[in-house]
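Structure first, commentary second.
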Amino acid sequence: MTDSGAESASPPSVELEAIRKRFGPVVALDGVDLEAFSGEVHALVGENGAGKTTLMGVLSGVVRADEGVIRIAGRPVRLAKPRDAWAAGIGMVHQHLTLVPTLTVLENVALGVRSAAWGLRLPFDQVRSRLDALSNETGLSVDPDVVVERLSVGERQRVEILKVLYRDPRVLVLDEPTSVLAPQEVEEFFSVLRGLASEGRTVLLILHKIDEILAVADRVTVLRGGRVVHSGVSDTMDSGSLARLMIGRAVAAHEPPRPSEPGAELVRLEGVSARGSKGEMALRDVHLTVRRGEIVGVAGVDGNGQRELALILAGAESPEFGTVHLPDTVGFIPADRLGEALVPDFDLTQNVALALTEAPRYRQGALLRWGRLRSATARLMDLHGVGAPTPAVRAWQLSGGNQQKLVVGRELMRSQNLLIARNPTRGLDVAAGRFVKDELRRMSRSSAGEEGEDPPGVVVISSDLDEVLELSDRIFVLRRGRLLAVPEDRRTREFVGALMVAHAGDPSE
Amino acid sequence: MAELALLTSFLAASVRLGVPLALAALGETVSERAGVINIGLEGSLIAGALGGALGALAWSSAFGGILTGAAVGALVAVVFAAFVVGLNTDQIITGTAITMGGLGVTGAVYQARFGLTGTTLTLPPLSSVPVPLLHRIPVLGPALFDQAPTAYFAVVMGILLWYGLFRTEWGLELRAVGESPDAAQAAGVRVRWTRFWATVFGGLMAGIAGAHLALDSGTFIEGMSGGRGFIALAVVVLGRWNPLWVVVAAIFFGGASALQFSMQALGWDVPHQFFLALPYLLTLAALAGWVGRARAPSALAHPWPKTSI
Amino acid sequence: MLTPGTRVNRLLRFGGLGVALAALLITGVVAVGALVAGGYDPGVALGALVRGAVGSPEQFFSVTLVRSVPLILTGLAVALAFRAGVWNIGAEGQLYAGAMAGVWIGLAAGDLPGWIVVPLVLVVASTAGAVWALVPTLMRLRLGVGEVITTILMNFVAIHLVGYMVHGPLQESRGVFPQTDALAAAARLPALIPGTRLHVGFAVAVLLGVALWLVLRGTVFGFRLRAVGQSPAAARITGRIDGKRVILVTFLASGALAGLAGAMEVSGRTFALYEGLSPGWGYTAIAVALLAGLHPMGVVAVGIMFGALEGGAGAMQREAGIPAAWVSGIEALVILAVLAAGQGRKWLVQTRLERGRPAEASVG
Amino acid sequence: MAVASEPVDFVRRVARLGLWLAFLSSACQPPGEDAGAPFQVALLTSGPVSDAGWYAGAYEGLQMIADSFGAHISHQQTRTPAEFDEAFFAYASSGYDLIFAHGFEYQDAAIRAGAEFPETTIIVSAGGRVAHNVIPLIFQLEEGSYLAGIAAGSLTKTGVIGMVGGVAIPPAEGTFDAFEAGAKSVRPDVEVLVTWIGSWNDVTAAKEAAVALLRRDVDILIHNTDAASFGVFQAVREARGDGRDVWAMGMNRDQNDVAPELILGSAVIRIPEGFVEITRLWYDGDLPGEAYYAGSKASLVDYVVNPARVAEYTPELLALLEETRTGIREGTVDIPRIQFVSDEEANR
């Protein structure tokens with residue numbers, strides 16, 4: 001099944017053989033074979049649920065395989081817990097960042113490494129100098145003494161990588177590392193990865209974006225439904241063939257946005273300033289209007305006021321200064337699905353109800369009309385293709401894509417006026433992401449209301465520049481709390497990307 | 001001069017009353033830093049008191065009593081840890097059971113050993129040891145440097161634990177386990193192992209605190225811990241989970257308790273219940289005033305790994 | 001189609017009986033071992049336990065059910081608070097506050113007819129319980145001080161305040177004994193079943209359990225409360241719920257329930273206020289609430305179970321000479337056994353699910 | 001059993017009960033056998049009987065009743081006032097003849113139970129309410145502590161004496177009032193300090209309270225803290241270790257041999273003997289339907305000079321104590337008493 005490359009003279013640095021893993025009734029990995037060699041950047045691709053993250057979990061000791069053999073540099077190893085993986089020279093950068101938020105960068109980097117003296121000492125100076133050296137080598141720089149929770153997501157990612165490199169692993173595994181980076185940062189990051197590989201390491205990457213895969217990977221392994229469907233050098237592939245391999249069918253090219261005919265004004269922010277959770281000025285003098293029938297895109301790296309802007313637009317928080325005019329009901333798709341959009345232990349009906357407790361249709365005085373909510377949830381699941389056997393399953397049991405479909409559908413039920421979406425497709429596979437984008441566009445174009453009202457307005461706040469470019473009628477960049485309008489004639493990846501990253505995410509200001 | 005003597009005796013009493021709280025709270029600080037809140041501290045404390053009494057009798061030495069008390073307190077914590085770390089049961093409810101059980105079993109064992117109607121134990125004393133030279137300092141000397149060995153032990157432990165928590169790799173791992181066990185595990189830290197031993201250490205310190213109670217008063221009686229396990233929990237918060245502040249907070253609470261005795265001894269005509277409630281009121285005020293938003297370890301009382309059903 | 005969701009539910013439901021049996025077995029084995037080691041006859045002891053709990057209508061109604069009232073009410077107080085993520089360990093103090101206020105108003109209004117006085121006692125006591133909970137509530141909401149510790153501290157303050165009250169303002173009219181005068185008949189809770197000591201407080205407690213269950217299940221407020229308890233961030237951002245308001249209302253309601261428990265005790269059982277009125281119901285309530293899975297109806301059931309256990313323990317003292325100290329030991333044992341059995345069930349469900357055939361559903 | 005710690009005391013008490021004890025016990029079955037037991041006696045306490053004090057004395061009394069009368073005995077420790085009715089009902093309905101409820105707190109429930117079960121007699125220690133079958137048993141410990149006060153007032157060198165109390169309940173307050181009066185009767189300018197610790201079993205608190213009092217120049221300390229009293233003795237022991245000339249006094253039971261080197265004497269109530277005496281009266285049908293006062297008259301209360309410390313007492317003081325003891329017995333010496341039973345109750 002595998003198509004061994006030219007490097008096969010030495011044993012593969014990572015060799016997986018017939019790995020199987022089942023979670024309850026779900027088979028996540030169904031006999032996966034994989035070989036990766038030192039000196040190569042190896043991309044692992046596939047849709048959500050294809051088993052990529054589980055496979056990487058197996059390799060990093062987070063998930064224990066039911067069956068199969070793992071060999072590192074030719075020797076079989078048992079990876080029952082992360083310690084074993086570290087000991088075998090495998091370093092993992094997870095998709096869900098695994099830093100301790102309340103510790104400093106330095107402490108996070110040093111965590112879990114025993115230097116000497118039975119751990120009775122914490123050699124801060126030593127850690128600091130090695131960290132400096134690593135920063136210089138890779139170009140990933142970060143203040144070692146700052147507490148991690150004060151860092152932006154992008155910066156945390158850097159710390160995560162530094163932390164892994166600090167242990168000098170021979171195999172580096174990264175799960176969707178680019179999702180929080182701006183385009184220019186992605187370029188830089190890829191060159192770091194290539195540099196690491198050229199030192200003789202193996203870099204295993206999970207990626208979603210096809211152009212990124214083709215840009216960085218030496219070899220590509222495609223997973224589908226827990227099986228390897230293809231493995232080969234990337235030079236022989238193009239985006240079309242790769243997409244077909246991943247999804248199993250051709251993907252229609254998306255249509256470009258057709259010009260909108262904006263309707264009545266829905267939102268007006270004037271001179272809005274707001275403080276962030278740490279008391280810093282997160283938004284400064286923001287002016288923004290949104291009309292019916294248009295999609296306004298706000299690009300920018302997380303940590304530049306995105307959260308505050310979203311919450312103010314959603315009506316969940318009030319600004320410190322300035323005036324805000326909002327419609328009565330606002331739908332909101334937050335960035336953190338299981339933290340802010342859904343209650344993981346609630347079932348789907350309850351999660352739908354969470355957004356509708358004010359809606360007169362679903363209340364009778366102080367009582368909730370659970371019957372109506374249940375049938376509404378069933379309809380919603382049908383309409384938006386939420387893949388779940390019954391509305392009685394808990395939200396955490398759904399895949400990320402299905403969770404997001406539920407959230408989008410629910411927020412459309414909540415408001416026919418305005419929808420605010422933050423990173424609406426993050427962590428979704430191509431098909432699910434496509435679905436969500438289509439929904440957003442469809443609703444902003446059609447007369448969505450049942451009584452034939454005007455279409456709602458949509459604001460997409462995202463760090464995914466491609467998403468913003470693809471969806472938006474008007475584009476802004478939010479950087480260091482300031483909202484910058486992008487002129488119609490400069491809607492290019494390069495221009496907007498440059499606007500996003502000029503000193504991106506520097507929280508010191 | 002008389003005022004100074006009064007001050008000295010007040011300070012000395014503050015330290016004396018603070019010592020058992022400091023010992024128990026220091027242990028609890030360690031286990032809470034690892035994410036385990038032990039409401040069963042009272043159980044370890046009373047078990048340590050009985051263990052201390054029995055040990056002191058068996059070895060005819062106060063030191064033997066302290067060691068036995070430590071062992072018994074640790075043993076109780078092993079039971080607690082087996083449940084909350086091993087079986088992943090709810091920490092609050094398990095702790096409640098451990099407190100109930102500790103009070104009950106010590107009573108039963110005491111009665112089995114010394115008869116249903118009890119007896120008048122006289123234990124080898126935990127005599128105070130003056131620190132050479134220092135105890136001659138006016139006012140402070142006799143108050144601070146003429147104390148039982150356990151008092152010095154508490155202070156030394158405060159410093160050692162501060163160093164251990166914030167200046168060693170062990171401490172870093174332990175704090176990470178209490179803040180974010182998932183992240184700690186991903187970094188290769190043995191989360192359960194760490195939590196288990198931190199909890200047992202907490203019990204050991206509570207056992208020493210209990211043994212101190214028994215030896216300091218020279219006897220054991222049922223229920224003599226008198227809720228100090230719960231107070232120790234408050235002291236941990238008051239000390240912001242920092243061993244050095246915990247020692248200070250324990251002495252603060254000890255001072256508030258000493259105040260009730262000093263004031264009654266002065267013959268103030270205020271209902272004595274007011275003085276009895278005073279330490280708690282002062283602690284509430286201190287929490288409201290300066291502890292404010294001090295943050296508990298993020299994963300405190302969270303079972304790990306999270307069970308999915 | 002057998003979906004994984006219903007599979008789990010069915011397994012859990014089926015497991016319920018198994019847990020009870022396993023817990024009973026563990027408790028039985030350890031308790032018998034301990035009794036034998038202590039030189040007692042386990043047969044006599046356990047016989048007494050059963051007789052004392054359910055041996056006769058008198059024992060069941062006048063002992064088990066009567067004892068369950070404060071456990072149910074404080075259990076509901078704790079369960080309600082925990083559901084909203086409020087760690088109220090202060091039911092003990094709130095109970096005392098309720099008992100003090102209840103006795104005070106009961107004595108002051110003793111001349112009025114019963115249908116006025118009894119409700120008045122209950123309302124005033126609930127209010128006092130809520131007021132006692134107000135201090136930790138404000139400290140949490142305004143100052144960010146966690147309530148676990150403040151509620152414990154307030155418990156100690158309440159206990160000493162009771163001491164002051166029965167020696168001072170509320171002391172019985174001769175001024176000798178540290179207790180209050182006995183409540184007049186009008187201020188006492190009427191009997192629920194004539195000829196037994198079971199008072200209407202039991203019915204009130206059960207009805208409150210049902211009411212709370214319905215509130216949590218069916219009302220907007222109950223739903224919001226659960227959302228705040230499960231995920232404060234999602235409640236605020238998606239639910240647009242004012243978490244502080246929910247916490248305020250829940251905390252005070254929890255205090256009121258505990259305060260009511262205090263009133264039930266003085267107005268239904270002791271008819272006067274004493275120091276040491278509560279043997280730590282506020283703490284036992286935590287075990288009751290958590291063992292009940294924070295479900296109000298479960299609290300009623302577990303409260304009755306604990307009532308039976310404590311009633312039976314009294315008989316064990318009387319008939320088998322088992323000292324009281326053993327009783328708390330055995331109670332602790334029961335809790336630990338239930339915990340262990342519960343975890344065992346989870347483990348069992350997990351393994352059986354994992355061994356089950358793959359489902360068609362896209363869950364996971 | 002438990003009494004082994006005070007063998008001398010035990011032997012003395014047994015000896016004093018002498019003849020009729022032997023007479024009765026020879027006629028009886030071994031205790032614990034229901035069949036053939038002439039009657040059943042129960043004891044209720046609100047604290048553990050392992051306190052080697054107030055409750056332990058009651059339990060010893062119960063055992064002596066079993067030994068002497070062959071009664072079937074049973075004991076229950078109630079944890080809360082809410083259990084009183086239940087316990088009375090359980091005992092009375094299963095045919096117990098005599099129930100000792102050892103504490104004032106039982107009085108209201110005892111009246112309720114007494115009305116429901118006229119065949120059962122309830123004895124309430126330190127109680128204040130009377131019915132034909134509900135009898136307060138009032139230990140007049142004031143008499144013993146008045147004598148202790150005389151001793152303390154005479155022996156203090158600093159002129160300051162102290163008292164450490166557990167929970168401020170009438171019997172405890174009464175002993176302190178009498179102690180103070182006794183001291184002032186011999187030394188009017190004596191200063192008397194009191195500290196309450198709010199608990200019967202917090203030894204550490206008792207010790208600290210004693211330490212604080214000793215710092216205030218107290219040189220003789222009496223207590224009424226039940227089990228926590230060891231804390232008071234410990235404080236005195238340590239102060240003596242520092243070379244201070246300070247003393248303690250025992251209370252409730254004869255504690256002289258607990259710490260013979262530092263206890264001057266003890267104000268004693270002989271609870272077990274009191275129980276046996278009550279039982280005897282009840283057995284003979286002589287128990288009056290009114291409060292039973294157990295005082296020095298019946299030799300149930302006394303101040304016992306520590307034989308090991310008798311050298312501290314001057315002959316004059318010993319004589320004064322004897323004289324006062326007689327005076328109290330004969331009613332010629334007036335001492336402050338708490339009136340547990342109001343006249344109205346007594347005449348009911």
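Going through the structure tokens in order, the chains are called A, B, and so on, while each chain numbers its residues from 1 and the ligands are numbered from 1 in the order shown.
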Check your understanding: Got a sec: who's within 6 Å of segment 239-249 of chain D, counting only C-alpha atoms, leaving out chain neighbours fewer than 3 positions off, as number ranges by chain?
Key -> D: 219-222, 236, 262-266
**Study point:** chain B contacts to chain D at 9 Å (only C-alpha atoms) as a PyMOL selection string
**Key:** chain B and resi 5-6+9-10+13+16-17+107+110-111+114-122+125+127+213-214+216-226+257-258+260-267+272-273+276
Review point. Near segment 297-303 of chain D, within 9 Å and counting only C-alpha atoms, which residues show up once chain neighbours fewer than 6 positions away are dropped, as an MDAnalysis selection string?
Key: chainID D and resid 139:148 251:252 254 265:271 273:274 321 325:326 328:330
Output for the residues just chosen: N, CA and C atoms as a short mmCIF file (atom, residue, chain, number, x, y, z; two decimals), in the first residue's frame:
data_model
loop_
_atom_site.label_atom_id
_atom_site.label_comp_id
_atom_site.auth_asym_id
_atom_site.auth_seq_id
_atom_site.Cartn_x
_atom_site.Cartn_y
_atom_site.Cartn_z
N PHE D 139 -27.25 17.44 91.25
CA PHE D 139 -26.00 17.29 91.98
C PHE D 139 -25.59 18.67 92.47
N GLN D 140 -25.47 18.80 93.77
CA GLN D 140 -25.16 20.12 94.32
C GLN D 140 -23.66 20.31 94.39
N LEU D 141 -23.07 20.32 93.21
CA LEU D 141 -21.63 20.45 93.13
C LEU D 141 -21.17 21.81 93.67
N GLU D 142 -22.11 22.76 93.73
CA GLU D 142 -21.75 24.06 94.32
C GLU D 142 -21.15 23.88 95.70
N GLU D 143 -21.65 22.88 96.41
CA GLU D 143 -21.16 22.67 97.77
C GLU D 143 -19.69 22.28 97.76
N GLY D 144 -19.36 21.40 96.81
CA GLY D 144 -17.96 20.99 96.70
C GLY D 144 -17.10 22.14 96.22
N SER D 145 -17.59 22.91 95.25
CA SER D 145 -16.73 23.95 94.70
C SER D 145 -16.66 25.15 95.65
N TYR D 146 -17.68 25.31 96.50
CA TYR D 146 -17.58 26.35 97.52
C TYR D 146 -16.40 26.04 98.45
N LEU D 147 -16.30 24.77 98.82
CA LEU D 147 -15.18 24.35 99.65
C LEU D 147 -13.85 24.54 98.90
N ALA D 148 -13.88 24.18 97.61
CA ALA D 148 -12.67 24.38 96.81
C ALA D 148 -12.30 25.85 96.79
N MET D 251 -12.35 18.76 89.20
CA MET D 251 -13.79 19.03 89.30
C MET D 251 -14.54 17.84 88.74
N ASN D 252 -15.75 17.67 89.22
CA ASN D 252 -16.67 16.62 88.78
C ASN D 252 -16.31 15.27 89.39
N ASP D 254 -13.17 12.75 91.16
CA ASP D 254 -11.95 12.90 91.94
C ASP D 254 -10.75 12.75 91.02
N GLY D 265 -6.73 19.44 95.12
CA GLY D 265 -7.89 18.70 95.57
C GLY D 265 -8.95 18.76 94.51
N SER D 266 -10.04 18.02 94.71
CA SER D 266 -11.08 17.99 93.69
C SER D 266 -12.45 18.21 94.30
N ALA D 267 -13.25 19.04 93.60
CA ALA D 267 -14.66 19.13 93.94
C ALA D 267 -15.35 17.99 93.22
N VAL D 268 -15.95 17.08 93.99
CA VAL D 268 -16.35 15.79 93.44
C VAL D 268 -17.86 15.61 93.50
N ILE D 269 -18.41 15.12 92.39
CA ILE D 269 -19.75 14.54 92.49
C ILE D 269 -19.60 13.07 92.27
N ARG D 270 -20.25 12.30 93.11
CA ARG D 270 -20.16 10.85 92.95
C ARG D 270 -21.37 10.41 92.14
N ILE D 271 -21.26 10.60 90.83
CA ILE D 271 -22.39 10.32 89.95
C ILE D 271 -22.83 8.87 90.05
N GLU D 273 -22.58 6.68 92.39
CA GLU D 273 -23.27 6.39 93.66
C GLU D 273 -24.63 7.06 93.69
N GLY D 274 -24.69 8.27 93.10
CA GLY D 274 -25.97 8.97 93.02
C GLY D 274 -26.98 8.14 92.23
N LEU D 321 -12.33 23.87 106.48
CA LEU D 321 -13.03 23.09 105.47
C LEU D 321 -14.01 22.13 106.12
N ARG D 325 -17.98 22.25 105.77
CA ARG D 325 -18.66 21.06 105.24
C ARG D 325 -19.83 20.70 106.12
N THR D 326 -19.56 20.69 107.41
CA THR D 326 -20.64 20.38 108.35
C THR D 326 -21.72 21.43 108.26
N ILE D 328 -22.55 23.32 105.77
CA ILE D 328 -23.37 23.17 104.55
C ILE D 328 -24.36 22.05 104.75
N ARG D 329 -23.87 20.96 105.30
CA ARG D 329 -24.71 19.79 105.50
C ARG D 329 -25.90 20.14 106.40
N GLU D 330 -25.62 20.96 107.39
CA GLU D 330 -26.68 21.29 108.34
C GLU D 330 -27.46 22.52 107.94
#
Could you please select, counting only C-alpha atoms, the residues of chain C within 7 Å of chain D and state them as a short mmCIF file (atom, residue, chain, number, x, y, z; two decimals) with N, CA and C atoms, in the first residue's frame?
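Full text of result.cif as output:
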data_model
loop_
_atom_site.label_atom_id
_atom_site.label_comp_id
_atom_site.auth_asym_id
_atom_site.auth_seq_id
_atom_site.Cartn_x
_atom_site.Cartn_y
_atom_site.Cartn_z
N VAL C 63 -39.29 7.54 63.31
CA VAL C 63 -37.83 7.62 63.39
C VAL C 63 -37.22 7.88 62.01
N VAL C 176 -32.19 30.23 83.45
CA VAL C 176 -31.28 29.25 84.03
C VAL C 176 -30.64 28.39 82.96
N PHE C 177 -31.47 27.82 82.11
CA PHE C 177 -30.96 26.84 81.16
C PHE C 177 -30.62 27.48 79.82
N PRO C 178 -29.54 27.04 79.20
CA PRO C 178 -29.20 27.57 77.88
C PRO C 178 -30.07 26.94 76.80
N GLU C 265 -36.87 21.49 62.39
CA GLU C 265 -36.36 20.81 63.57
C GLU C 265 -36.93 21.40 64.84
N ARG C 269 -39.78 19.02 65.99
CA ARG C 269 -39.21 17.94 66.80
C ARG C 269 -38.80 18.37 68.20
N THR C 270 -37.97 19.42 68.30
CA THR C 270 -37.44 19.74 69.62
C THR C 270 -38.28 20.79 70.34
N GLY C 276 -25.97 22.74 69.75
CA GLY C 276 -25.79 21.37 69.27
C GLY C 276 -27.04 20.78 68.66
N LEU C 277 -27.90 21.67 68.14
CA LEU C 277 -29.13 21.19 67.52
C LEU C 277 -28.82 20.25 66.36
N SER C 278 -27.81 20.60 65.59
CA SER C 278 -27.49 19.79 64.41
C SER C 278 -26.23 18.98 64.66
N PRO C 279 -26.29 17.68 64.36
CA PRO C 279 -25.07 16.87 64.49
C PRO C 279 -24.22 16.95 63.22
N GLY C 314 -29.27 4.15 65.98
CA GLY C 314 -29.73 4.39 67.35
C GLY C 314 -30.13 3.08 68.00
N GLN C 317 -27.21 1.05 69.04
CA GLN C 317 -26.66 1.45 70.34
C GLN C 317 -27.46 0.83 71.47
N ARG C 318 -28.79 0.95 71.36
CA ARG C 318 -29.64 0.52 72.46
C ARG C 318 -29.64 -0.99 72.61
N GLY C 321 -25.53 -2.47 72.00
CA GLY C 321 -24.45 -1.86 72.76
C GLY C 321 -23.30 -1.34 71.91
N ALA C 324 -21.72 4.96 69.96
CA ALA C 324 -22.10 5.92 68.92
C ALA C 324 -20.97 6.17 67.94
#
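Closest approach to Gly154 of chain A among A:Asp466, A:Glu212, A:Asp125, A:Asp302 is made by A:Asp302 (distances from only C-alpha atoms).
The neighbours of segment 47-57 of chain A here are the residues that come within 6 Å of it, using only C-alpha atoms and leaving out any residue fewer than 6 positions away in the same chain; they are A:Ala28, A:Leu29, A:Val63, A:Leu223, A:Arg224, A:Gly225, A:Gly226, A:Asp429.
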Selection file, N, CA and C atoms, as a short mmCIF file (atom, residue, chain, number, x, y, z; two decimals), in the first residue's frame:
data_model
loop_
_atom_site.label_atom_id
_atom_site.label_comp_id
_atom_site.auth_asym_id
_atom_site.auth_seq_id
_atom_site.Cartn_x
_atom_site.Cartn_y
_atom_site.Cartn_z
N ALA A 28 -12.09 4.12 14.82
CA ALA A 28 -11.38 5.32 14.41
C ALA A 28 -10.23 4.96 13.47
N LEU A 29 -9.54 3.89 13.78
CA LEU A 29 -8.43 3.46 12.94
C LEU A 29 -8.65 1.99 12.59
N VAL A 63 -3.32 8.23 23.09
CA VAL A 63 -4.33 7.21 22.79
C VAL A 63 -3.60 5.88 22.69
N LEU A 223 -5.66 9.70 4.63
CA LEU A 223 -6.51 8.80 5.42
C LEU A 223 -7.96 9.06 5.06
N ARG A 224 -8.73 7.98 5.01
CA ARG A 224 -10.18 8.16 4.85
C ARG A 224 -10.86 7.02 5.59
N GLY A 225 -11.77 7.37 6.45
CA GLY A 225 -12.53 6.36 7.21
C GLY A 225 -11.63 5.41 7.97
N GLY A 226 -10.55 5.94 8.55
CA GLY A 226 -9.70 5.11 9.38
C GLY A 226 -8.75 4.21 8.60
N ASP A 429 -13.37 19.94 8.56
CA ASP A 429 -12.76 19.44 7.33
C ASP A 429 -13.32 20.20 6.14
#
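Look at Ala485 of chain A: the protein and nucleic acid residues within 8 Å of it, using only C-alpha atoms and passing over chain neighbours fewer than 3 places away, are Ile475, Phe476 and Val477 of chain A.
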Check your understanding: Counting only C-alpha atoms, what is within 7 Å of His199 of chain C, bar same-chain residues fewer than 2 positions away, as number ranges by chain?
Key -> C: 189-192, 197, 201-202, 268
Could you write out the selected residues, including N, CA, C and O atoms, as a PDB file, in the first residue's frame?
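This went into selection_1.pdb:
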ATOM      1  N   LEU C 189     -45.370  22.259  64.322  1.00  0.00           N
ATOM      2  CA  LEU C 189     -45.860  21.651  63.095  1.00  0.00           C
ATOM      3  C   LEU C 189     -46.857  20.559  63.456  1.00  0.00           C
ATOM      4  O   LEU C 189     -46.591  19.732  64.331  1.00  0.00           O
ATOM      5  N   PRO C 190     -48.014  20.549  62.782  1.00  0.00           N
ATOM      6  CA  PRO C 190     -48.977  19.487  63.053  1.00  0.00           C
ATOM      7  C   PRO C 190     -48.447  18.134  62.592  1.00  0.00           C
ATOM      8  O   PRO C 190     -47.559  18.061  61.741  1.00  0.00           O
ATOM      9  N   ALA C 191     -49.028  17.083  63.183  1.00  0.00           N
ATOM     10  CA  ALA C 191     -48.611  15.737  62.796  1.00  0.00           C
ATOM     11  C   ALA C 191     -49.122  15.427  61.399  1.00  0.00           C
ATOM     12  O   ALA C 191     -50.206  15.848  61.004  1.00  0.00           O
ATOM     13  N   LEU C 192     -48.315  14.690  60.665  1.00  0.00           N
ATOM     14  CA  LEU C 192     -48.727  14.292  59.315  1.00  0.00           C
ATOM     15  C   LEU C 192     -49.595  13.046  59.409  1.00  0.00           C
ATOM     16  O   LEU C 192     -50.631  12.936  58.768  1.00  0.00           O
ATOM     17  N   ARG C 197     -44.852  10.610  65.358  1.00  0.00           N
ATOM     18  CA  ARG C 197     -44.180  11.906  65.479  1.00  0.00           C
ATOM     19  C   ARG C 197     -43.902  12.523  64.120  1.00  0.00           C
ATOM     20  O   ARG C 197     -43.281  13.576  64.019  1.00  0.00           O
ATOM     21  N   GLY C 201     -43.688  18.554  58.150  1.00  0.00           N
ATOM     22  CA  GLY C 201     -42.422  18.937  57.533  1.00  0.00           C
ATOM     23  C   GLY C 201     -41.956  17.915  56.514  1.00  0.00           C
ATOM     24  O   GLY C 201     -41.366  18.273  55.501  1.00  0.00           O
ATOM     25  N   PHE C 202     -42.267  16.647  56.771  1.00  0.00           N
ATOM     26  CA  PHE C 202     -41.855  15.623  55.825  1.00  0.00           C
ATOM     27  C   PHE C 202     -42.548  15.825  54.482  1.00  0.00           C
ATOM     28  O   PHE C 202     -41.912  15.784  53.423  1.00  0.00           O
ATOM     29  N   GLY C 268     -40.893  21.166  64.621  1.00  0.00           N
ATOM     30  CA  GLY C 268     -41.463  19.843  64.436  1.00  0.00           C
ATOM     31  C   GLY C 268     -40.948  18.796  65.400  1.00  0.00           C
ATOM     32  O   GLY C 268     -41.588  17.776  65.616  1.00  0.00           O
TER      33      GLY C 268
END
Exercise for review: With a distance threshold of 8 Å and counting only C-alpha atoms, extract the residues of chain C near chain B and express them as a PyMOL selection string.
Suggested key: chain C and resi 38+139+143-145+149-150+152-154+156-157+160-161+163-164+283-284+286-287+290+323-333+335-336+339-340+343+346+350
Residues near Leu380 of chain A, anyone? I mean within 9 Å using only C-alpha atoms, not counting same-chain ones fewer than 6 positions away, as a tab-separated table (two decimals) with N, CA, C and O atoms, in the first residue's frame.
chain	number	residue	atom	x	y	z
A	386	VAL	N	-27.16	17.63	10.59
A	386	VAL	CA	-26.37	17.34	11.79
A	386	VAL	C	-26.38	15.83	12.00
A	386	VAL	O	-27.43	15.23	12.22
A	406	LEU	N	-24.77	22.31	14.10
A	406	LEU	CA	-25.81	22.54	15.10
A	406	LEU	C	-25.80	24.00	15.54
A	406	LEU	O	-26.85	24.65	15.64
A	409	GLY	N	-27.08	26.33	12.71
A	409	GLY	CA	-28.52	26.19	12.57
A	409	GLY	C	-29.26	26.85	13.71
A	409	GLY	O	-30.25	27.56	13.53
A	410	ARG	N	-28.74	26.67	14.90
A	410	ARG	CA	-29.37	27.24	16.07
A	410	ARG	C	-29.35	28.76	16.02
A	410	ARG	O	-30.34	29.42	16.31
A	413	MET	N	-31.86	30.11	13.88
A	413	MET	CA	-33.19	30.11	14.52
A	413	MET	C	-33.33	31.30	15.44
A	413	MET	O	-34.39	31.87	15.61
Any chance you could tabulate, as a tab-separated table, the residues of chain B at most 6 Å from chain A with each one's nearest atom pair and distance in Å to one decimal, using only C-alpha atoms, in chain and rising number order?
residue	atom	partner	partner_atom	distance
B:Arg167	CA	A:Leu122	CA	5.4
B:Thr168	CA	A:Arg121	CA	4.1
B:Glu169	CA	A:Gly119	CA	4.7
B:Trp170	CA	A:Gly119	CA	5.6
B:Ser180	CA	A:Val100	CA	5.7
B:Ala183	CA	A:Thr98	CA	4.5
B:Ala186	CA	A:Pro82	CA	5.5
B:Ala187	CA	A:Gly112	CA	5.3
B:Gly188	CA	A:Arg83	CA	4.2
B:Val189	CA	A:Gly112	CA	5.4
Practice item. Run DSSP on the backbone and grab whatever in segment 199-311 of chain D lands in strand (DSSP E or B); send it over as JSON, numbers by chain. Key: {"D": [220, 221, 222, 223, 224, 247, 248, 249, 250, 251, 252, 263, 264, 265, 266, 267, 268, 269, 292, 293, 294, 301, 302, 303, 304, 305]}
